[in-house]
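A.B. asks: Contents of final-v1.cif (mmCIF, C-alpha atoms):
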```cif
data_work
#
loop_
_atom_site.label_atom_id
_atom_site.label_comp_id
_atom_site.auth_asym_id
_atom_site.auth_seq_id
_atom_site.Cartn_x
_atom_site.Cartn_y
_atom_site.Cartn_z
CA MET A 1364 3.05 62.22 -4.36
CA THR A 1365 6.05 60.23 -5.55
CA ARG A 1366 6.23 58.55 -2.16
CA LEU A 1367 2.50 57.71 -2.34
CA PHE A 1368 2.97 56.03 -5.73
CA ALA A 1369 5.90 54.09 -4.35
CA VAL A 1370 3.80 52.82 -1.44
CA LEU A 1371 0.96 51.86 -3.78
CA ALA A 1372 3.34 50.08 -6.11
CA ALA A 1373 4.87 48.14 -3.23
CA THR A 1374 1.41 47.17 -1.95
CA ILE A 1375 0.33 45.95 -5.40
CA ALA A 1376 3.54 43.95 -5.74
CA LEU A 1377 2.96 42.40 -2.32
CA PHE A 1378 -0.56 41.26 -3.22
CA ALA A 1379 0.62 40.00 -6.60
CA ALA A 1380 3.36 37.98 -4.96
CA ALA A 1381 1.08 36.42 -2.34
CA PRO A 1382 -0.61 33.84 -4.66
CA ALA A 1383 2.76 32.88 -6.12
CA ALA A 1384 4.21 32.45 -2.64
CA ALA A 1385 1.21 30.37 -1.58
CA ALA A 1386 1.56 28.21 -4.69
CA ALA A 1387 5.26 27.74 -4.01
CA ALA A 1388 4.56 26.75 -0.41
CA ALA A 1389 1.91 24.25 -1.52
CA ALA A 1390 4.31 22.74 -4.06
CA ALA A 1391 7.03 22.48 -1.43
CA SER A 1392 4.70 20.60 0.92
CA CYS A 1393 3.59 18.13 -1.75
CA PRO A 1394 4.90 14.61 -1.07
CA VAL A 1395 7.66 13.54 -3.45
CA TYR A 1396 7.14 10.15 -5.09
CA GLU A 1397 9.29 8.72 -7.87
CA THR A 1398 7.43 8.50 -11.18
CA GLU A 1399 8.14 6.35 -14.20
CA GLY A 1400 6.33 5.55 -17.42
CA THR A 1401 3.72 7.09 -19.68
CA GLY A 1402 -0.03 6.69 -19.63
CA PRO A 1403 -2.84 6.65 -17.05
CA ASP A 1404 -1.68 7.39 -13.51
CA VAL A 1405 -1.25 4.50 -11.08
CA LEU A 1406 -0.15 4.80 -7.43
CA LEU A 1407 1.98 1.93 -6.09
CA VAL A 1408 1.74 1.36 -2.33
CA PRO A 1409 4.05 -1.22 -0.71
CA GLY A 1410 3.32 -3.42 2.28
CA LEU A 1411 4.50 -3.52 5.88
CA ALA A 1412 8.20 -2.57 6.21
CA SER A 1413 8.56 -2.72 2.43
CA SER A 1414 10.03 -0.50 -0.24
CA PRO A 1415 8.28 0.75 -3.38
CA GLU A 1416 10.97 -1.29 -5.16
CA THR A 1417 8.55 -4.16 -4.51
CA TYR A 1418 7.04 -3.26 -7.89
CA ASP A 1419 10.26 -2.91 -9.93
CA ASP A 1420 9.68 -5.85 -12.31
CA MET A 1421 6.07 -4.88 -12.96
CA VAL A 1422 7.01 -1.26 -13.65
CA ALA A 1423 9.66 -2.40 -16.13
CA ALA A 1424 7.08 -4.56 -17.92
CA LEU A 1425 4.26 -1.99 -18.05
CA LYS A 1426 5.87 1.47 -18.03
CA ASP A 1427 5.05 1.96 -21.71
CA ARG A 1428 1.35 1.74 -20.79
CA TYR A 1429 1.02 3.51 -17.43
CA ARG A 1430 2.64 6.29 -15.42
CA PHE A 1431 3.55 4.81 -12.05
CA HIS A 1432 3.92 6.81 -8.83
CA ARG A 1433 5.94 4.93 -6.20
CA VAL A 1434 4.73 5.65 -2.66
CA ALA A 1435 7.39 5.42 0.05
CA ILE A 1436 5.99 5.02 3.56
CA ALA A 1437 7.78 6.90 6.33
CA GLY A 1438 9.74 4.57 8.60
CA PHE A 1439 9.80 1.66 6.17
CA ALA A 1440 12.84 0.24 4.33
CA GLY A 1441 15.17 3.05 5.33
CA THR A 1442 12.79 5.93 4.70
CA PRO A 1443 13.04 8.30 7.70
CA ALA A 1444 10.27 7.88 10.26
CA THR A 1445 7.97 10.72 11.22
CA SER A 1446 5.79 11.32 14.26
CA GLY A 1447 2.32 9.84 14.28
CA ASN A 1448 0.92 6.57 12.99
CA PRO A 1449 2.65 5.68 9.69
CA VAL A 1450 -0.55 4.28 8.17
CA ALA A 1451 -2.63 7.40 8.79
CA THR A 1452 0.29 9.63 7.73
CA ALA A 1453 0.85 7.74 4.48
CA GLU A 1454 -2.85 7.76 3.62
CA ALA A 1455 -3.07 11.51 4.19
CA ASP A 1456 0.07 12.02 2.08
CA ILE A 1457 -1.39 9.97 -0.79
CA VAL A 1458 -4.62 11.97 -0.77
CA ARG A 1459 -2.66 15.23 -0.67
CA TYR A 1460 -0.37 14.08 -3.47
CA ILE A 1461 -3.29 13.28 -5.76
CA GLY A 1462 -4.47 16.86 -5.33
CA CYS A 1463 -1.19 18.75 -5.52
CA ALA A 1464 0.14 16.61 -8.39
CA LYS A 1465 -3.17 17.25 -10.17
CA LEU A 1466 -3.92 13.58 -10.82
CA THR A 1467 -7.41 12.85 -12.10
CA ALA A 1468 -8.87 9.66 -10.61
CA PRO A 1469 -5.70 7.55 -10.61
CA ALA A 1470 -5.74 3.82 -9.96
CA LEU A 1471 -4.10 2.48 -6.81
CA ILE A 1472 -2.28 -0.83 -6.40
CA GLY A 1473 -1.61 -1.87 -2.83
CA HIS A 1474 0.27 -4.92 -1.63
CA SER A 1475 -0.45 -6.31 1.84
CA LEU A 1476 -0.69 -3.27 4.17
CA GLY A 1477 -0.82 -1.15 1.01
CA GLY A 1478 -3.99 -2.96 -0.06
CA PHE A 1479 -5.51 -2.29 3.35
CA MET A 1480 -4.62 1.39 2.98
CA GLY A 1481 -6.17 1.49 -0.47
CA GLN A 1482 -9.45 0.29 0.99
CA GLU A 1483 -9.39 3.01 3.64
CA ILE A 1484 -8.68 5.71 1.05
CA ALA A 1485 -11.46 4.43 -1.22
CA ARG A 1486 -13.86 4.39 1.73
CA ASP A 1487 -12.97 7.85 3.03
CA HIS A 1488 -12.64 9.61 -0.34
CA PRO A 1489 -15.28 8.36 -2.79
CA GLY A 1490 -14.49 9.33 -6.36
CA LEU A 1491 -10.82 10.05 -5.69
CA LEU A 1492 -9.62 6.78 -7.28
CA SER A 1493 -10.74 5.18 -10.54
CA ARG A 1494 -10.01 1.61 -9.48
CA LEU A 1495 -8.27 -0.37 -6.77
CA VAL A 1496 -6.05 -3.43 -7.06
CA ILE A 1497 -5.52 -5.30 -3.78
CA VAL A 1498 -2.57 -7.70 -3.74
CA ASP A 1499 -2.78 -10.52 -1.20
CA ALA A 1500 -4.41 -8.39 1.49
CA LEU A 1501 -7.56 -8.81 3.55
CA PRO A 1502 -9.96 -6.25 5.03
CA PHE A 1503 -9.20 -7.78 8.45
CA TYR A 1504 -5.77 -9.38 8.80
CA PRO A 1505 -6.50 -11.78 11.74
CA LEU A 1506 -8.87 -13.77 9.49
CA ILE A 1507 -5.75 -15.56 8.28
CA PHE A 1508 -5.44 -17.47 11.53
CA ASP A 1509 -8.94 -17.15 13.05
CA PRO A 1510 -12.09 -16.90 10.91
CA ALA A 1511 -14.07 -15.88 14.01
CA ALA A 1512 -11.66 -13.14 15.11
CA THR A 1513 -12.94 -9.72 16.12
CA ALA A 1514 -11.03 -6.48 16.59
CA ASP A 1515 -11.80 -6.36 20.31
CA ALA A 1516 -10.80 -9.97 20.90
CA ILE A 1517 -7.51 -9.55 19.07
CA ARG A 1518 -6.35 -6.36 20.84
CA PRO A 1519 -4.49 -8.07 23.72
CA GLN A 1520 -2.65 -10.35 21.29
CA ALA A 1521 -1.81 -7.40 19.03
CA ALA A 1522 -0.49 -5.45 22.02
CA ALA A 1523 1.72 -8.37 23.09
CA ILE A 1524 3.12 -8.92 19.59
CA THR A 1525 3.92 -5.26 19.01
CA ALA A 1526 5.46 -4.87 22.48
CA GLN A 1527 7.76 -7.79 21.77
CA LEU A 1528 8.67 -6.27 18.40
CA ARG A 1529 9.64 -2.97 20.02
CA LYS A 1530 11.90 -4.48 22.69
CA MET A 1531 13.58 -7.23 20.65
CA ASP A 1532 17.35 -6.78 20.24
CA ASP A 1533 18.70 -6.21 16.73
CA ALA A 1534 20.27 -9.66 16.29
CA MET A 1535 17.11 -11.49 17.35
CA PHE A 1536 14.98 -9.22 15.17
CA ALA A 1537 17.19 -9.79 12.10
CA ALA A 1538 17.13 -13.56 12.57
CA GLY A 1539 13.35 -13.51 12.91
CA GLN A 1540 12.92 -11.42 9.77
CA ALA A 1541 15.10 -13.82 7.78
CA ARG A 1542 12.90 -16.74 8.88
CA THR A 1543 9.71 -14.82 8.11
CA ALA A 1544 10.95 -13.85 4.65
CA VAL A 1545 11.13 -17.53 3.67
CA MET A 1546 7.39 -17.80 4.28
CA LEU A 1547 6.68 -14.66 2.26
CA SER A 1548 8.50 -15.50 -0.97
CA ALA A 1549 9.81 -18.61 -2.67
CA SER A 1550 12.48 -16.52 -4.38
CA LYS A 1551 15.88 -16.40 -2.66
CA GLN A 1552 16.49 -12.91 -3.98
CA GLY A 1553 13.02 -11.90 -2.86
CA GLN A 1554 13.67 -13.27 0.63
CA GLN A 1555 16.88 -11.28 0.90
CA ARG A 1556 15.16 -8.06 -0.16
CA ILE A 1557 12.24 -8.56 2.23
CA ALA A 1558 14.53 -9.20 5.20
CA ALA A 1559 16.81 -6.27 4.32
CA TRP A 1560 13.86 -3.87 4.07
CA SER A 1561 12.52 -4.99 7.44
CA ILE A 1562 15.90 -4.61 9.13
CA ALA A 1563 16.24 -1.11 7.65
CA SER A 1564 12.78 -0.11 8.93
CA ASP A 1565 12.04 1.89 12.06
CA ARG A 1566 10.87 -0.62 14.68
CA ASN A 1567 8.26 1.68 16.22
CA ALA A 1568 6.81 2.50 12.81
CA MET A 1569 6.54 -1.22 12.09
CA ALA A 1570 4.85 -1.89 15.42
CA ASP A 1571 2.39 0.98 15.04
CA ALA A 1572 1.44 -0.14 11.53
CA MET A 1573 1.10 -3.75 12.63
CA ALA A 1574 -1.19 -2.75 15.49
CA THR A 1575 -3.42 -0.83 13.08
CA LEU A 1576 -3.51 -3.74 10.65
CA MET A 1577 -4.37 -6.28 13.34
CA THR A 1578 -7.11 -4.29 15.10
CA THR A 1579 -8.97 -2.60 12.23
CA ASP A 1580 -11.82 -4.51 10.60
CA LEU A 1581 -12.88 -2.91 7.31
CA ARG A 1582 -15.53 -5.51 6.42
CA PRO A 1583 -18.46 -3.39 7.67
CA ASP A 1584 -17.35 -0.58 5.32
CA LEU A 1585 -16.89 -2.58 2.12
CA ALA A 1586 -20.45 -2.13 0.84
CA GLY A 1587 -19.80 1.59 0.48
CA ILE A 1588 -16.77 1.12 -1.79
CA THR A 1589 -18.29 1.20 -5.26
CA LEU A 1590 -15.26 1.60 -7.55
CA PRO A 1591 -14.00 -1.47 -9.48
CA VAL A 1592 -11.75 -3.63 -7.30
CA THR A 1593 -9.51 -6.53 -8.28
CA VAL A 1594 -8.15 -8.82 -5.57
CA LEU A 1595 -5.05 -10.83 -6.46
CA TYR A 1596 -4.14 -13.60 -4.04
CA ALA A 1597 -1.45 -16.24 -3.79
CA THR A 1598 -1.95 -19.99 -3.82
CA ASN A 1599 0.74 -22.56 -3.06
CA GLU A 1600 1.42 -25.92 -1.44
CA PHE A 1601 0.67 -24.49 2.00
CA VAL A 1602 -2.42 -22.50 0.98
CA PRO A 1603 -4.24 -24.43 -1.76
CA GLU A 1604 -6.58 -22.59 -4.09
CA ASP A 1605 -9.82 -23.83 -2.51
CA ARG A 1606 -8.76 -22.59 0.92
CA ALA A 1607 -7.52 -19.23 -0.40
CA LYS A 1608 -10.66 -18.78 -2.50
CA ALA A 1609 -12.92 -19.32 0.52
CA LEU A 1610 -10.85 -16.93 2.64
CA PHE A 1611 -10.67 -14.04 0.18
CA GLU A 1612 -14.11 -14.31 -1.39
CA GLY A 1613 -15.67 -14.66 2.05
CA ALA A 1614 -13.81 -11.65 3.43
CA TYR A 1615 -14.80 -9.42 0.51
CA ALA A 1616 -18.35 -10.77 0.10
CA SER A 1617 -20.00 -7.36 0.63
CA LEU A 1618 -17.81 -5.50 -1.87
CA PRO A 1619 -20.13 -4.51 -4.76
CA ASP A 1620 -17.76 -4.56 -7.76
CA VAL A 1621 -14.95 -7.06 -7.25
CA ARG A 1622 -12.99 -9.58 -9.31
CA PHE A 1623 -10.76 -12.27 -7.82
CA VAL A 1624 -7.57 -13.49 -9.49
CA PRO A 1625 -5.59 -16.36 -7.92
CA ILE A 1626 -1.89 -16.57 -8.83
CA ALA A 1627 -0.62 -20.14 -8.52
CA ASP A 1628 2.77 -21.19 -7.15
CA SER A 1629 3.35 -17.92 -5.35
CA ARG A 1630 3.60 -16.75 -1.78
CA HIS A 1631 2.71 -13.38 -0.26
CA PHE A 1632 5.09 -11.43 -2.53
CA ILE A 1633 3.45 -12.62 -5.73
CA MET A 1634 5.46 -10.12 -7.77
CA PHE A 1635 8.73 -11.83 -6.75
CA ASP A 1636 7.57 -15.41 -7.28
CA GLN A 1637 5.53 -15.02 -10.49
CA PRO A 1638 6.61 -11.71 -12.06
CA GLU A 1639 5.19 -12.36 -15.53
CA ALA A 1640 1.82 -13.61 -14.26
CA PHE A 1641 1.69 -10.69 -11.82
CA ALA A 1642 2.34 -8.08 -14.53
CA GLN A 1643 -0.27 -9.66 -16.80
CA ALA A 1644 -2.84 -9.70 -14.00
CA ILE A 1645 -2.12 -6.07 -13.14
CA ASP A 1646 -2.44 -5.02 -16.78
CA ALA A 1647 -5.79 -6.80 -17.01
CA ALA A 1648 -6.98 -5.24 -13.74
CA LEU A 1649 -6.11 -1.72 -14.92
CA SER A 1650 -7.70 -2.16 -18.34
CA PRO A 1651 -11.40 -1.27 -18.81
CA GLN A 1652 -13.54 -4.34 -18.38
CA PRO A 1653 -16.10 -5.25 -21.07
#
```
Just give me the structure of the file as structure tokens.

C.D. replies:
Amino acid sequence: MTRLFAVLAATIALFAAAPAAAAAAAAASCPVYETEGTGPDVLLVPGLASSPETYDDMVAALKDRYRFHRVAIAGFAGTPATSGNPVATAEADIVRYIGCAKLTAPALIGHSLGGFMGQEIARDHPGLLSRLVIVDALPFYPLIFDPAATADAIRPQAAAITAQLRKMDDAMFAAGQARTAVMLSASKQGQQRIAAWSIASDRNAMADAMATLMTTDLRPDLAGITLPVTVLYATNEFVPEDRAKALFEGAYASLPDVRFVPIADSRHFIMFDQPEAFAQAIDAALSPQP
């Protein structure tokens, strides 16, 4: 009889421990993102080959109003790469994080590729986000250089560009990233950070993400994204406001609930070139609209 009670006790203990073990396993598999601040939850998603440090100045300005969750994308800016497409992996991680961190309808801010990813998450998971802020990103990247571009027509060019990126030697790649950074920010410090992040990124992860960005056209899906969206875009001496306005408002014409905010005298990394204006625009975008 004593042995029977011992067996029963062990069985009960085993079943009691199972939910705790499952919970521990779920917690262990939850993505780990740095958090800072107090207030409504906001996910920060960086762009291609970029670090979540992209948002440092904005976080410092607004952390007394919001709790920010910095998303690091595998393979970018020194974060270890994983198998699979980094865009799909990061999107799945964000969705999983919202659940396992028990966030209730957070906002998402996405710069460049991050803005593209935010659109895909909003499309695939209605009701998961409360609002979306897209920073200098389009629903179809090739529109920048060809208003008539289609995903099928651009595939050969995307394949050639990404193949070259994969095989380029380190010195040539670093020199190219330094030149590109000048076009992406007017800030010398910003240019240095952009180039350093790219050089520290996994080349295959960059190429895979770039291929996705160049060959995925989200415009047909925009009508189904019904949450409030704010699109911030840069204007400068190379891209005057009238040209940028036509590009962005045309690209997002079918989005039901969208506001457009141009930020003057800035390049692609608006947050580096106009940090105060960027923080103010973000605060306004996250605040309830009258």

A.B. asks: Hey, can you check how far CA of Gly1613 (chain A) sits from CA of Ile1645 (chain A)?

C.D. replies: 22.1 Å

A.B. asks: Using CA of Ile1588 (chain A) and CA of Arg1622 (chain A) as the two end points, give the distance in Å to one decimal.

C.D. replies: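 The value is 13.6 Å.
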
A.B. asks: Name the residues that the PyMOL selection byres ((chain A and resi 1428) around 7) picks from the file above, as a CSV table (one decimal) with C-alpha atoms, in the coordinates of the input, using the file's chain letters and numbers.

C.D. replies:
```
chain,number,residue,atom,x,y,z
A,1401,THR,CA,3.7,7.1,-19.7
A,1402,GLY,CA,0.0,6.7,-19.6
A,1425,LEU,CA,4.3,-2.0,-18.0
A,1426,LYS,CA,5.9,1.5,-18.0
A,1427,ASP,CA,5.0,2.0,-21.7
A,1429,TYR,CA,1.0,3.5,-17.4
```

A.B. asks: For the file shown, report as a list in words the outcome of the PyMOL selection byres ((chain A and resi 1447) around 12) at residue level.

C.D. replies: Ala1437, Gly1438, Ala1444, Thr1445, Ser1446, Asn1448, Pro1449, Val1450, Ala1451, Thr1452, Ala1453, Ala1455, Asn1567, Ala1568, Asp1571 and Ala1572 of chain A

A.B. asks: Of the candidates A:Ala1435, A:Met1577, A:Ala1642, A:Ala1423, which shows the shortest atom-to-atom distance to Ala1514 (chain A), using all atoms listed in the file?

C.D. replies: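 The shortest atom-to-atom distance to Ala1514 (chain A) comes from A:Met1577.
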
A.B. asks: Compile the contact shell of Ala1616 (chain A) as a CSV table (one decimal) with C-alpha atoms, keeping the file's coordinate frame: residues with an atom at most 9 Å away, counting all atoms listed in the file, same-chain residues fewer than 6 positions apart removed.

C.D. replies:
```
chain,number,residue,atom,x,y,z
A,1582,ARG,CA,-15.5,-5.5,6.4
A,1585,LEU,CA,-16.9,-2.6,2.1
A,1586,ALA,CA,-20.4,-2.1,0.8
```

A.B. asks: Need the shell around region 1493-1495 of chain A: protein/DNA/RNA residues with any atom at most 7 Å away, counting only C-alpha atoms. Skip same-chain ones fewer than 4 positions apart. Format as a list in words?

C.D. replies: Ala1468, Pro1469, Ala1470, Leu1471, Ile1472, Gly1481, Leu1590, Pro1591, Val1592 and Thr1593 of chain A

A.B. asks: Once the PyMOL selection byres ((chain A and resi 1485) around 9) is applied to the coordinates I shared, what remains selected? I want it as a list in words.

C.D. replies: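 Output of the PyMOL selection byres ((chain A and resi 1485) around 9): Met1480, Gly1481, Gln1482, Glu1483, Ile1484, Arg1486, Asp1487, His1488, Pro1489, Gly1490, Leu1491, Leu1492, Arg1494, Leu1495, Gly1587, Ile1588, Thr1589 and Leu1590 of chain A.
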
A.B. asks: One decimal, in Å: what's the spacing between CA of Ala1464 (chain A) and CA of Asp1404 (chain A)?

C.D. replies: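 Going from CA of Ala1464 (chain A) over to CA of Asp1404 (chain A) covers 10.7 Å.
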
A.B. asks: List as a list of chain:residue names the protein and nucleic acid residues near Met1573 (chain A), meaning an atom at most 9 Å away when all atoms listed in the file are counted, but skip any in the same chain fewer than 4 places from it.

C.D. replies: A:Leu1411, A:Leu1476, A:Ala1521, A:Ile1524, A:Thr1525, A:Ala1568, A:Met1569, A:Met1577, A:Thr1578

A.B. asks: Using all atoms listed in the file, can you tell me which of A:Glu1399, A:Val1602, A:Ser1413, A:Val1624 comes closest to Met1546 (chain A)?

C.D. replies: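 For Met1546 (chain A), the nearest of the given residues is A:Val1602.
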
A.B. asks: Which residue gives the smallest distance to Phe1635 (chain A) among A:Arg1556, A:Arg1566, A:Arg1433, A:Lys1608, with only C-alpha atoms counted?

C.D. replies: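 Among A:Arg1556, A:Arg1566, A:Arg1433, A:Lys1608, it is A:Arg1556 that comes nearest to Phe1635 (chain A).
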
A.B. asks: Which of these, A:Ala1614, A:Met1531, A:Ala1597, A:Ile1461, has the shortest distance to Gln1637 (chain A) once you count all atoms listed in the file?

C.D. replies: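 Nearest to Gln1637 (chain A): A:Ala1597.
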
A.B. asks: Where atoms are missing, can you supply N, CA, C and O atoms for region 1621-1637 of chain A and output the lot as an mmCIF file, in the coordinates of the input?

C.D. replies:
```cif
data_model
loop_
_atom_site.group_PDB
_atom_site.id
_atom_site.type_symbol
_atom_site.label_atom_id
_atom_site.label_comp_id
_atom_site.auth_asym_id
_atom_site.auth_seq_id
_atom_site.Cartn_x
_atom_site.Cartn_y
_atom_site.Cartn_z
ATOM 1 N N VAL A 1621 -16.243 -6.448 -7.559
ATOM 2 C CA VAL A 1621 -14.950 -7.060 -7.250
ATOM 3 C C VAL A 1621 -14.705 -8.268 -8.145
ATOM 4 O O VAL A 1621 -15.623 -9.029 -8.461
ATOM 5 N N ARG A 1622 -13.440 -8.415 -8.570
ATOM 6 C CA ARG A 1622 -12.990 -9.580 -9.310
ATOM 7 C C ARG A 1622 -11.856 -10.224 -8.527
ATOM 8 O O ARG A 1622 -11.040 -9.521 -7.913
ATOM 9 N N PHE A 1623 -11.794 -11.541 -8.531
ATOM 10 C CA PHE A 1623 -10.760 -12.270 -7.820
ATOM 11 C C PHE A 1623 -9.849 -12.990 -8.807
ATOM 12 O O PHE A 1623 -10.327 -13.631 -9.742
ATOM 13 N N VAL A 1624 -8.541 -12.873 -8.589
ATOM 14 C CA VAL A 1624 -7.570 -13.490 -9.490
ATOM 15 C C VAL A 1624 -6.538 -14.254 -8.654
ATOM 16 O O VAL A 1624 -5.666 -13.647 -8.018
ATOM 17 N N PRO A 1625 -6.622 -15.579 -8.623
ATOM 18 C CA PRO A 1625 -5.590 -16.360 -7.920
ATOM 19 C C PRO A 1625 -4.335 -16.465 -8.781
ATOM 20 O O PRO A 1625 -4.408 -16.587 -10.000
ATOM 21 N N ILE A 1626 -3.171 -16.399 -8.138
ATOM 22 C CA ILE A 1626 -1.890 -16.570 -8.830
ATOM 23 C C ILE A 1626 -1.218 -17.805 -8.232
ATOM 24 O O ILE A 1626 -0.793 -17.787 -7.070
ATOM 25 N N ALA A 1627 -1.129 -18.869 -9.017
ATOM 26 C CA ALA A 1627 -0.620 -20.140 -8.520
ATOM 27 C C ALA A 1627 0.895 -20.114 -8.306
ATOM 28 O O ALA A 1627 1.621 -19.315 -8.908
ATOM 29 N N ASP A 1628 1.337 -21.007 -7.436
ATOM 30 C CA ASP A 1628 2.770 -21.190 -7.150
ATOM 31 C C ASP A 1628 3.441 -19.893 -6.727
ATOM 32 O O ASP A 1628 4.546 -19.557 -7.176
ATOM 33 N N SER A 1629 2.765 -19.161 -5.873
ATOM 34 C CA SER A 1629 3.350 -17.920 -5.350
ATOM 35 C C SER A 1629 3.039 -17.827 -3.864
ATOM 36 O O SER A 1629 2.095 -18.441 -3.366
ATOM 37 N N ARG A 1630 3.851 -17.035 -3.181
ATOM 38 C CA ARG A 1630 3.600 -16.750 -1.780
ATOM 39 C C ARG A 1630 3.179 -15.279 -1.668
ATOM 40 O O ARG A 1630 2.742 -14.690 -2.643
ATOM 41 N N HIS A 1631 3.286 -14.705 -0.499
ATOM 42 C CA HIS A 1631 2.710 -13.380 -0.260
ATOM 43 C C HIS A 1631 3.241 -12.317 -1.233
ATOM 44 O O HIS A 1631 2.486 -11.479 -1.711
ATOM 45 N N PHE A 1632 4.526 -12.354 -1.545
ATOM 46 C CA PHE A 1632 5.090 -11.430 -2.530
ATOM 47 C C PHE A 1632 4.952 -12.061 -3.916
ATOM 48 O O PHE A 1632 5.917 -12.556 -4.506
ATOM 49 N N ILE A 1633 3.746 -12.009 -4.427
ATOM 50 C CA ILE A 1633 3.450 -12.620 -5.730
ATOM 51 C C ILE A 1633 4.371 -12.074 -6.810
ATOM 52 O O ILE A 1633 4.829 -12.796 -7.691
ATOM 53 N N MET A 1634 4.646 -10.777 -6.733
ATOM 54 C CA MET A 1634 5.460 -10.120 -7.770
ATOM 55 C C MET A 1634 6.886 -10.650 -7.827
ATOM 56 O O MET A 1634 7.546 -10.553 -8.856
ATOM 57 N N PHE A 1635 7.393 -11.237 -6.748
ATOM 58 C CA PHE A 1635 8.730 -11.830 -6.750
ATOM 59 C C PHE A 1635 8.697 -13.272 -7.269
ATOM 60 O O PHE A 1635 9.634 -13.713 -7.922
ATOM 61 N N ASP A 1636 7.633 -13.987 -6.964
ATOM 62 C CA ASP A 1636 7.570 -15.410 -7.280
ATOM 63 C C ASP A 1636 7.043 -15.688 -8.689
ATOM 64 O O ASP A 1636 7.461 -16.659 -9.322
ATOM 65 N N GLN A 1637 6.121 -14.850 -9.156
ATOM 66 C CA GLN A 1637 5.530 -15.020 -10.490
ATOM 67 C C GLN A 1637 5.464 -13.657 -11.180
ATOM 68 O O GLN A 1637 4.385 -13.105 -11.400
#
```
